[in-house]
$ cat work-v5.pdb   # PDB, C-alpha atoms
ATOM      1  CA  MET L 198     151.808  89.195  52.808
ATOM      2  CA  ASP L 199     149.212  91.977  52.532
ATOM      3  CA  LEU L 200     146.012  91.401  54.504
ATOM      4  CA  ARG L 201     144.081  93.132  51.763
ATOM      5  CA  VAL L 202     145.286  90.581  49.209
ATOM      6  CA  LEU L 203     144.289  87.764  51.567
ATOM      7  CA  GLU L 204     140.769  89.199  51.521
ATOM      8  CA  TYR L 205     140.903  89.219  47.714
ATOM      9  CA  PHE L 206     142.019  85.589  47.688
ATOM     10  CA  LEU L 207     139.201  84.529  50.036
ATOM     11  CA  ALA L 208     136.659  86.330  47.871
ATOM     12  CA  VAL L 209     137.830  84.397  44.796
ATOM     13  CA  ALA L 210     137.841  81.118  46.756
ATOM     14  CA  ARG L 211     134.292  81.806  47.914
ATOM     15  CA  GLU L 212     132.886  83.006  44.578
ATOM     16  CA  GLN L 213     134.918  80.489  42.508
ATOM     17  CA  SER L 214     135.126  83.185  39.880
ATOM     18  CA  ILE L 215     137.512  86.090  39.199
ATOM     19  CA  THR L 216     134.702  88.067  37.581
ATOM     20  CA  ALA L 217     132.243  87.592  40.462
ATOM     21  CA  ALA L 218     134.899  88.291  43.087
ATOM     22  CA  ALA L 219     136.018  91.466  41.288
ATOM     23  CA  LYS L 220     132.421  92.668  41.225
ATOM     24  CA  TYR L 221     131.998  91.911  44.942
ATOM     25  CA  LEU L 222     135.273  93.708  45.786
ATOM     26  CA  HIS L 223     134.531  96.658  43.467
ATOM     27  CA  LEU L 224     137.767  96.040  41.553
ATOM     28  CA  SER L 225     138.500  95.637  37.880
ATOM     29  CA  GLN L 226     139.078  92.050  36.807
ATOM     30  CA  PRO L 227     142.645  92.748  35.515
ATOM     31  CA  THR L 228     143.581  94.411  38.841
ATOM     32  CA  LEU L 229     142.336  91.439  40.859
ATOM     33  CA  SER L 230     144.054  88.943  38.552
ATOM     34  CA  THR L 231     147.345  90.828  38.867
ATOM     35  CA  GLN L 232     147.141  90.930  42.667
ATOM     36  CA  LEU L 233     146.537  87.177  42.840
ATOM     37  CA  LYS L 234     149.311  86.420  40.354
ATOM     38  CA  ASN L 235     151.738  88.534  42.400
ATOM     39  CA  MET L 236     150.780  86.613  45.560
ATOM     40  CA  GLU L 237     151.430  83.279  43.826
ATOM     41  CA  GLU L 238     154.829  84.531  42.657
ATOM     42  CA  GLU L 239     155.653  85.781  46.177
ATOM     43  CA  LEU L 240     154.834  82.375  47.676
ATOM     44  CA  GLY L 241     156.334  80.420  44.814
ATOM     45  CA  LYS L 242     153.223  78.220  44.625
ATOM     46  CA  GLN L 243     150.190  77.966  42.364
ATOM     47  CA  LEU L 244     147.099  78.643  44.469
ATOM     48  CA  LEU L 245     144.337  78.783  41.868
ATOM     49  CA  ILE L 246     143.380  76.525  38.998
ATOM     50  CA  ARG L 247     141.952  78.847  36.373
ATOM     51  CA  GLY L 248     138.920  77.650  34.463
ATOM     52  CA  THR L 249     139.110  76.502  30.859
ATOM     53  CA  LYS L 250     136.968  77.819  28.048
ATOM     54  CA  GLY L 251     134.354  75.197  28.821
ATOM     55  CA  SER L 252     134.267  76.090  32.509
ATOM     56  CA  ARG L 253     135.233  79.386  34.109
ATOM     57  CA  LYS L 254     134.986  77.960  37.628
ATOM     58  CA  ILE L 255     138.064  78.674  39.770
ATOM     59  CA  LEU L 256     139.355  75.805  41.901
ATOM     60  CA  LEU L 257     141.980  75.767  44.653
ATOM     61  CA  THR L 258     145.166  73.742  44.562
ATOM     62  CA  GLU L 259     146.222  71.867  47.705
ATOM     63  CA  GLU L 260     148.375  74.856  48.666
ATOM     64  CA  GLY L 261     145.418  77.122  47.949
ATOM     65  CA  ARG L 262     143.200  75.149  50.336
ATOM     66  CA  ILE L 263     145.859  75.447  53.057
ATOM     67  CA  LEU L 264     146.116  79.197  52.505
ATOM     68  CA  ARG L 265     142.335  79.567  52.590
ATOM     69  CA  LYS L 266     142.152  77.941  56.030
ATOM     70  CA  ARG L 267     145.009  80.044  57.409
ATOM     71  CA  ALA L 268     143.732  83.255  55.814
ATOM     72  CA  GLU L 269     140.344  82.796  57.467
ATOM     73  CA  GLU L 270     142.071  82.340  60.839
ATOM     74  CA  ILE L 271     144.341  85.361  60.308
ATOM     75  CA  LEU L 272     141.548  87.722  59.287
ATOM     76  CA  SER L 273     139.369  86.483  62.140
ATOM     77  CA  LEU L 274     142.155  87.310  64.600
ATOM     78  CA  VAL L 275     142.670  90.743  63.039
ATOM     79  CA  GLN L 276     138.959  91.520  63.335
ATOM     80  CA  LYS L 277     138.938  90.310  66.947
ATOM     81  CA  ALA L 278     141.956  92.474  67.790
ATOM     82  CA  GLU L 279     140.408  95.551  66.169
ATOM     83  CA  HIS L 280     137.211  95.137  68.191
ATOM     84  CA  GLU L 281     139.151  94.793  71.439
ATOM     85  CA  ILE L 282     141.475  97.744  70.818
ATOM     86  CA  THR L 283     138.815 100.169  69.618
ATOM     87  CA  ALA L 284     136.380  99.352  72.438
ATOM     88  CA  SER L 285     135.393 102.382  74.494
ATOM     89  CA  ASP L 286     137.067 102.780  77.878
ATOM     90  CA  GLU L 287     133.673 103.516  79.437
ATOM     91  CA  LEU L 288     131.707 100.723  77.777
ATOM     92  CA  VAL L 289     132.413  97.021  78.196
ATOM     93  CA  GLY L 290     131.454  95.060  75.119
ATOM     94  CA  GLY L 291     132.782  92.833  72.410
ATOM     95  CA  ASP L 292     132.990  89.157  71.655
ATOM     96  CA  ILE L 293     133.849  86.212  73.883
ATOM     97  CA  TYR L 294     134.714  82.921  72.178
ATOM     98  CA  ILE L 295     134.334  79.646  74.081
ATOM     99  CA  GLY L 296     135.322  76.188  72.859
ATOM    100  CA  THR L 297     133.601  73.176  74.398
ATOM    101  CA  GLY L 298     132.268  69.686  73.910
ATOM    102  CA  GLU L 299     128.806  68.489  74.905
ATOM    103  CA  SER L 300     128.340  68.800  78.660
ATOM    104  CA  ASP L 301     125.708  69.905  81.153
ATOM    105  CA  SER L 302     128.522  71.926  82.743
ATOM    106  CA  ILE L 303     127.932  74.489  79.996
ATOM    107  CA  ARG L 304     124.944  75.617  82.078
ATOM    108  CA  ILE L 305     127.238  77.444  84.480
ATOM    109  CA  LEU L 306     128.710  79.368  81.531
ATOM    110  CA  ALA L 307     125.187  80.282  80.450
ATOM    111  CA  LYS L 308     124.377  81.333  84.023
ATOM    112  CA  THR L 309     127.475  83.534  84.039
ATOM    113  CA  ALA L 310     126.551  85.159  80.726
ATOM    114  CA  HIS L 311     123.003  85.769  81.969
ATOM    115  CA  SER L 312     124.323  87.406  85.152
ATOM    116  CA  LEU L 313     126.368  89.857  83.072
ATOM    117  CA  ARG L 314     123.744  90.656  80.439
ATOM    118  CA  ASN L 315     121.873  93.483  82.183
ATOM    119  CA  GLN L 316     125.030  95.350  83.138
ATOM    120  CA  TYR L 317     126.967  94.613  79.954
ATOM    121  CA  PRO L 318     124.448  94.084  77.115
ATOM    122  CA  ASP L 319     127.101  94.675  74.453
ATOM    123  CA  ILE L 320     129.021  91.491  75.280
ATOM    124  CA  HIS L 321     128.309  88.779  72.704
ATOM    125  CA  TYR L 322     129.112  85.092  73.157
ATOM    126  CA  HIS L 323     130.217  82.617  70.509
ATOM    127  CA  ILE L 324     130.186  78.906  71.370
ATOM    128  CA  ARG L 325     132.417  76.659  69.270
ATOM    129  CA  SER L 326     131.853  72.910  69.693
ATOM    130  CA  GLY L 327     134.479  70.207  69.291
ATOM    131  CA  ASN L 328     136.633  67.679  71.095
ATOM    132  CA  SER L 329     139.523  68.474  73.449
ATOM    133  CA  ALA L 330     142.024  68.569  70.566
ATOM    134  CA  PHE L 331     139.850  71.213  68.896
ATOM    135  CA  VAL L 332     139.732  73.258  72.106
ATOM    136  CA  PHE L 333     143.503  73.181  72.685
ATOM    137  CA  GLU L 334     144.298  73.918  69.035
ATOM    138  CA  ASN L 335     142.000  76.934  68.939
ATOM    139  CA  LEU L 336     143.311  78.237  72.258
ATOM    140  CA  GLU L 337     146.859  78.079  70.929
ATOM    141  CA  LYS L 338     145.844  79.932  67.777
ATOM    142  CA  GLY L 339     144.032  82.607  69.771
ATOM    143  CA  LEU L 340     140.724  81.841  68.072
ATOM    144  CA  ILE L 341     138.910  81.269  71.379
ATOM    145  CA  ASP L 342     139.285  82.935  74.765
ATOM    146  CA  PHE L 343     138.251  80.012  76.955
ATOM    147  CA  GLY L 344     137.906  76.265  76.635
ATOM    148  CA  LEU L 345     135.964  73.662  78.622
ATOM    149  CA  VAL L 346     137.998  70.481  79.070
ATOM    150  CA  TYR L 347     138.103  67.376  81.259
ATOM    151  CA  GLY L 348     140.957  65.821  83.187
ATOM    152  CA  ALA L 349     144.226  67.235  84.484
ATOM    153  CA  VAL L 350     145.306  70.679  83.239
ATOM    154  CA  ASP L 351     148.928  71.598  82.489
ATOM    155  CA  VAL L 352     149.193  74.649  84.788
ATOM    156  CA  SER L 353     152.517  75.616  83.235
ATOM    157  CA  GLN L 354     150.656  76.479  80.030
ATOM    158  CA  TYR L 355     147.096  77.223  81.094
ATOM    159  CA  GLY L 356     145.186  79.095  83.742
ATOM    160  CA  SER L 357     142.198  77.108  84.930
ATOM    161  CA  LEU L 358     139.066  77.168  87.041
ATOM    162  CA  LYS L 359     137.465  73.890  88.106
ATOM    163  CA  LEU L 360     133.684  73.900  87.717
ATOM    164  CA  PRO L 361     131.636  72.807  90.731
ATOM    165  CA  GLU L 362     129.282  70.361  88.993
ATOM    166  CA  LYS L 363     130.395  66.908  87.848
ATOM    167  CA  ASP L 364     129.151  65.068  84.765
ATOM    168  CA  THR L 365     127.764  61.578  85.383
ATOM    169  CA  TRP L 366     128.502  58.761  82.947
ATOM    170  CA  GLY L 367     125.835  56.280  81.982
ATOM    171  CA  VAL L 368     124.019  54.610  79.102
ATOM    172  CA  LEU L 369     121.300  56.074  76.898
ATOM    173  CA  MET L 370     118.809  53.407  75.778
ATOM    174  CA  ARG L 371     115.201  52.837  74.789
ATOM    175  CA  LYS L 372     112.718  52.582  77.621
ATOM    176  CA  ASP L 373     111.623  49.185  76.318
ATOM    177  CA  ALA L 374     115.193  47.793  76.311
ATOM    178  CA  PRO L 375     115.769  44.900  78.753
ATOM    179  CA  LEU L 376     118.584  46.852  80.417
ATOM    180  CA  ALA L 377     116.154  49.692  81.215
ATOM    181  CA  LYS L 378     114.624  47.519  83.950
ATOM    182  CA  LYS L 379     117.795  47.982  85.993
ATOM    183  CA  GLU L 380     118.486  51.047  88.132
ATOM    184  CA  TYR L 381     122.196  51.036  87.267
ATOM    185  CA  VAL L 382     124.438  49.640  84.530
ATOM    186  CA  GLU L 383     127.335  47.469  85.624
ATOM    187  CA  PRO L 384     130.400  46.495  83.529
ATOM    188  CA  GLU L 385     129.169  42.973  82.776
ATOM    189  CA  ASP L 386     125.897  44.395  81.384
ATOM    190  CA  LEU L 387     127.739  45.937  78.419
ATOM    191  CA  LEU L 388     129.762  42.969  77.232
ATOM    192  CA  ASP L 389     127.348  41.671  74.579
ATOM    193  CA  LEU L 390     125.475  44.870  73.730
ATOM    194  CA  PRO L 391     125.879  46.934  70.515
ATOM    195  CA  LEU L 392     127.513  50.100  71.849
ATOM    196  CA  ILE L 393     127.744  53.620  70.454
ATOM    197  CA  ILE L 394     130.667  55.539  71.973
ATOM    198  CA  THR L 395     132.097  59.024  71.686
ATOM    199  CA  ALA L 396     134.624  59.609  68.919
ATOM    200  CA  GLN L 397     136.490  61.844  71.377
ATOM    201  CA  LYS L 398     137.693  58.973  73.545
ATOM    202  CA  SER L 399     141.418  58.844  74.243
ATOM    203  CA  GLU L 400     143.834  56.359  75.800
ATOM    204  CA  ASP L 401     142.879  57.616  79.277
ATOM    205  CA  TRP L 402     139.134  57.448  78.572
ATOM    206  CA  PRO L 403     137.571  56.841  82.027
ATOM    207  CA  ILE L 404     135.210  54.157  80.703
ATOM    208  CA  SER L 405     138.209  51.925  79.929
ATOM    209  CA  LYS L 406     139.311  51.886  83.554
ATOM    210  CA  TRP L 407     135.729  51.493  84.801
ATOM    211  CA  LEU L 408     135.216  48.401  82.649
ATOM    212  CA  GLY L 409     138.346  46.809  84.026
ATOM    213  CA  GLN L 410     139.051  44.990  80.761
ATOM    214  CA  ASP L 411     140.160  45.449  77.172
ATOM    215  CA  MET L 412     137.901  47.741  75.124
ATOM    216  CA  GLU L 413     138.399  45.443  72.137
ATOM    217  CA  LYS L 414     136.146  42.897  73.815
ATOM    218  CA  LEU L 415     133.195  45.272  73.488
ATOM    219  CA  ASN L 416     130.806  45.268  70.534
ATOM    220  CA  ILE L 417     131.292  48.864  69.375
ATOM    221  CA  VAL L 418     128.988  49.433  66.403
ATOM    222  CA  ALA L 419     129.266  53.214  65.974
ATOM    223  CA  SER L 420     130.835  56.415  67.282
ATOM    224  CA  TYR L 421     129.543  59.982  67.577
ATOM    225  CA  ASN L 422     130.757  63.521  68.137
ATOM    226  CA  LEU L 423     127.244  64.917  68.647
ATOM    227  CA  LEU L 424     125.119  62.942  71.077
ATOM    228  CA  TYR L 425     121.864  64.141  69.537
ATOM    229  CA  ASN L 426     122.705  62.272  66.335
ATOM    230  CA  ALA L 427     123.642  59.172  68.331
ATOM    231  CA  SER L 428     120.344  59.393  70.218
ATOM    232  CA  LEU L 429     118.471  58.928  66.936
ATOM    233  CA  PHE L 430     120.358  55.689  66.358
ATOM    234  CA  VAL L 431     119.444  54.626  69.893
ATOM    235  CA  ASP L 432     115.813  55.534  69.255
ATOM    236  CA  GLU L 433     115.857  53.261  66.206
ATOM    237  CA  SER L 434     117.114  50.370  68.398
ATOM    238  CA  PHE L 435     120.516  50.328  66.699
ATOM    239  CA  GLY L 436     122.468  50.326  69.945
ATOM    240  CA  TYR L 437     123.175  51.775  73.383
ATOM    241  CA  ALA L 438     125.071  55.066  73.725
ATOM    242  CA  ILE L 439     127.643  55.590  76.475
ATOM    243  CA  CYS L 440     127.448  59.271  77.375
ATOM    244  CA  TYR L 441     126.962  61.952  80.012
ATOM    245  CA  ASP L 442     123.633  62.475  81.731
ATOM    246  CA  LYS L 443     121.292  65.452  81.100
ATOM    247  CA  LEU L 444     122.244  65.970  77.452
ATOM    248  CA  ILE L 445     119.227  64.263  75.882
ATOM    249  CA  ASN L 446     115.615  64.759  76.977
ATOM    250  CA  THR L 447     114.339  61.457  78.373
ATOM    251  CA  SER L 448     111.143  62.756  79.975
ATOM    252  CA  GLY L 449     107.525  62.718  78.859
ATOM    253  CA  SER L 450     106.816  61.033  75.542
ATOM    254  CA  SER L 451     110.481  60.303  74.769
ATOM    255  CA  ASN L 452     111.257  56.677  73.910
ATOM    256  CA  LEU L 453     114.606  56.988  75.654
ATOM    257  CA  CYS L 454     115.932  56.719  79.197
ATOM    258  CA  PHE L 455     119.306  57.094  80.910
ATOM    259  CA  ARG L 456     120.831  54.698  83.425
ATOM    260  CA  PRO L 457     123.969  55.704  85.382
ATOM    261  CA  LEU L 458     126.971  53.433  85.702
ATOM    262  CA  PHE L 459     127.712  51.486  88.870
ATOM    263  CA  PRO L 460     130.170  51.888  90.454
ATOM    264  CA  GLU L 461     129.415  55.566  89.854
ATOM    265  CA  LEU L 462     131.679  57.290  87.344
ATOM    266  CA  THR L 463     131.886  61.077  87.076
ATOM    267  CA  SER L 464     134.137  63.583  85.304
ATOM    268  CA  GLU L 465     135.183  67.058  86.433
ATOM    269  CA  ALA L 466     135.337  69.897  83.946
ATOM    270  CA  SER L 467     137.560  72.969  84.012
ATOM    271  CA  ILE L 468     137.501  76.255  82.146
ATOM    272  CA  ILE L 469     140.986  76.984  80.823
ATOM    273  CA  TRP L 470     142.754  79.857  79.104
ATOM    274  CA  LYS L 471     146.277  80.509  77.892
ATOM    275  CA  ARG L 472     148.563  81.334  80.805
ATOM    276  CA  TYR L 473     149.613  85.012  80.943
ATOM    277  CA  GLN L 474     146.899  85.832  78.426
ATOM    278  CA  VAL L 475     145.866  89.502  78.317
ATOM    279  CA  PHE L 476     142.070  89.461  78.431
ATOM    280  CA  SER L 477     139.792  91.900  76.691
ATOM    281  CA  LYS L 478     137.549  93.899  79.067
ATOM    282  CA  ALA L 479     134.640  91.622  78.209
ATOM    283  CA  ALA L 480     136.621  88.410  78.784
ATOM    284  CA  GLN L 481     137.934  89.722  82.124
ATOM    285  CA  LYS L 482     134.394  90.521  83.307
ATOM    286  CA  PHE L 483     133.301  87.041  82.268
ATOM    287  CA  ILE L 484     136.036  85.142  84.117
ATOM    288  CA  ASP L 485     135.613  87.338  87.205
ATOM    289  CA  LYS L 486     131.876  86.599  87.313
ATOM    290  CA  LEU L 487     132.463  82.879  86.654
ATOM    291  CA  GLN L 488     134.907  82.700  89.563
ATOM    292  CA  GLU L 489     132.362  84.446  91.780
ATOM    293  CA  ILE L 490     129.621  81.968  90.808
ATOM    294  CA  CYS L 491     131.904  78.953  91.316
ATOM    295  CA  MET L 492     132.901  79.988  94.859
TER     296      MET L 492
END
$ encode --input "work-v5.pdb" --output "C-alpha cells"
Amino acid sequence: MDLRVLEYFLAVAREQSITAAAKYLHLSQPTLSTQLKNMEEELGKQLLIRGTKGSRKILLTEEGRILRKRAEEILSLVQKAEHEITASDELVGGDIYIGTGESDSIRILAKTAHSLRNQYPDIHYHIRSGNSAFVFENLEKGLIDFGLVYGAVDVSQYGSLKLPEKDTWGVLMRKDAPLAKKEYVEPEDLLDLPLIITAQKSEDWPISKWLGQDMEKLNIVASYNLLYNASLFVDESFGYAICYDKLINTSGSSNLCFRPLFPELTSEASIIWKRYQVFSKAAQKFIDKLQEICM
C-alpha cells in the first residue's frame, strides 16, 4: 500500500469531502477519486460511503475507521523515522515520546529534560497520558520511546530503570469532611463512604490487598482516568477519591485535603523501553541523563 495514498485517504477522512480534500492536496477530483477507488479494490473492502445528492458528506465504513487509525500510526512512525535518520551527526535534536499516567514521579522526567535543555535545545518532548495498557500498546507499536509504569517489569521484553521516589496512596476529600479530622485513613474508615476510584485498577490493584477484604463491599460511586476531573466531584461533596498524593493542590484556599493511608501504602514507578531498542541520539541522551539523576 502506497504511503502517498494513505495520506490521500486521511485527507478525505478529515475533510469529509472529495472536493475539499482534492483542493487541500492540490489534486484534481477525478485523480483523487481514482486513487481511493484503486485502494478499495486492492483491499477488497469499501472504505468510504459517498454522499448522496442531498448530502455530499463522505463517511467512513467500519473498515475505513480501522484504516484511518492504522494509517495515522503508520505515517506518524514514518515521520519519526525520517527525523531520526536525517538528524545531523553534530547536532542532537528531535522528538522524544513518553507515555505515562498521572504521577508525581513525572517530576524526575521534567528534571531530566530541564538538565538537557541548555546543551541540547533542539530536543522536543511529547507526553502522552493513559493507563498501563495504553503505555504497553504504544511501546509495542513504536509510537513512544519510554513509558512510566508501576509494578514488576518483564525484563525479557523491556529495559527498565526504577525511579527513586515512591508515590503515596491516600484519600482526597473536602477539608470539612468528618474524615479530614483524622491524620490517616484506615481500612475500616472507607467501608461506608462513597468512593471514587481510578478506572486503571487491575486485579493486582494494591488497594485491594491493603483493604484486606472484597472490593465489592465498598460503595464505589464513580471512577476516573484523570484525577483533576475526579477532584471536582470531590469538591462538590459527591465522594472521596482514592489516589496518589501531590497530584491535586490542597493548599491555600482549596476546599480539599489529602490524608495518607495507614498502614502506609506506596507504589514504585519504573521507566521502561523495548528491550534491544535502538535509540535515537536524543533518546539516548535522555536515558543517560535520567540514569545519572537516579543514581
$ residues_near_point --input "work-v5.pdb" --point "(132.5, 86.6, 45.8)" --cutoff "7 Å" --atoms "only C-alpha atoms" --output "compact mmCIF listing (two decimals) with C-alpha atoms, in the coordinates of the input"
# COMPACT_ATOMS: atom_id res chain seq x y z
CA ALA L 208 136.66 86.33 47.87
CA VAL L 209 137.83 84.40 44.80
CA ARG L 211 134.29 81.81 47.91
CA GLU L 212 132.89 83.01 44.58
CA ALA L 217 132.24 87.59 40.46
CA ALA L 218 134.90 88.29 43.09
CA TYR L 221 132.00 91.91 44.94
$ residues_around --input "work-v5.pdb" --residues "Asp411 (chain L)" --least-positions-apart "6" --cutoff "12 Å" --atoms "all atoms listed in the file" --output "PDB file with C-alpha atoms, in the frame of the given file"
ATOM      1  CA  PRO L 384     130.400  46.495  83.529  1.00  0.00           C
ATOM      2  CA  LEU L 388     129.762  42.969  77.232  1.00  0.00           C
ATOM      3  CA  GLU L 400     143.834  56.359  75.800  1.00  0.00           C
ATOM      4  CA  ILE L 404     135.210  54.157  80.703  1.00  0.00           C
ATOM      5  CA  SER L 405     138.209  51.925  79.929  1.00  0.00           C
TER       6      SER L 405
END
$ residues_around --input "work-v5.pdb" --residues "Ile393 (chain L)" --least-positions-apart "4" --cutoff "6 Å" --atoms "only C-alpha atoms" --output "PyMOL selection string"
chain L and resi 418-420+437-438
$ closest_residue --input "work-v5.pdb" --among "L:Leu360, L:Ser448, L:Leu462, L:Leu387" --to "Lys406 (chain L)" --atoms "all atoms listed in the file"
L:Leu462
$ residues_around --input "work-v5.pdb" --residues "Val346 (chain L)" --least-positions-apart "4" --cutoff "7 Å" --atoms "only C-alpha atoms" --output "list in words"
Thr297, Ser329, Ala466, Ser467 and Ile468 of chain L
$ resolve_selection --input "work-v5.pdb" --expression "the PyMOL selection byres ((chain L and resi 397) around 12)" --output "ChimeraX atom specification"
/L:298-299,327-332,346-347,394-396,398-403,420-424,439-440
$ residues_around --input "work-v5.pdb" --residues "Leu376 (chain L)" --least-positions-apart "6" --cutoff "10 Å" --atoms "all atoms listed in the file" --output "PyMOL selection string"
chain L and resi 368+370+382+386-387+390+437+456
$ atom_distance --input "work-v5.pdb" --atom1 "CA of Gly409 (chain L)" --atom2 "CA of Gly436 (chain L)"
21.5 Å
$ atom_distance --input "work-v5.pdb" --atom1 "CA of Leu369 (chain L)" --atom2 "CA of Asn446 (chain L)"
10.4 Å
$ resolve_selection --input "work-v5.pdb" --expression "the PyMOL selection byres ((chain L and resi 255-266) around 12)" --output "number ranges by chain"
L: 198, 202-218, 230, 233, 236-237, 240-250, 252-254, 267-273
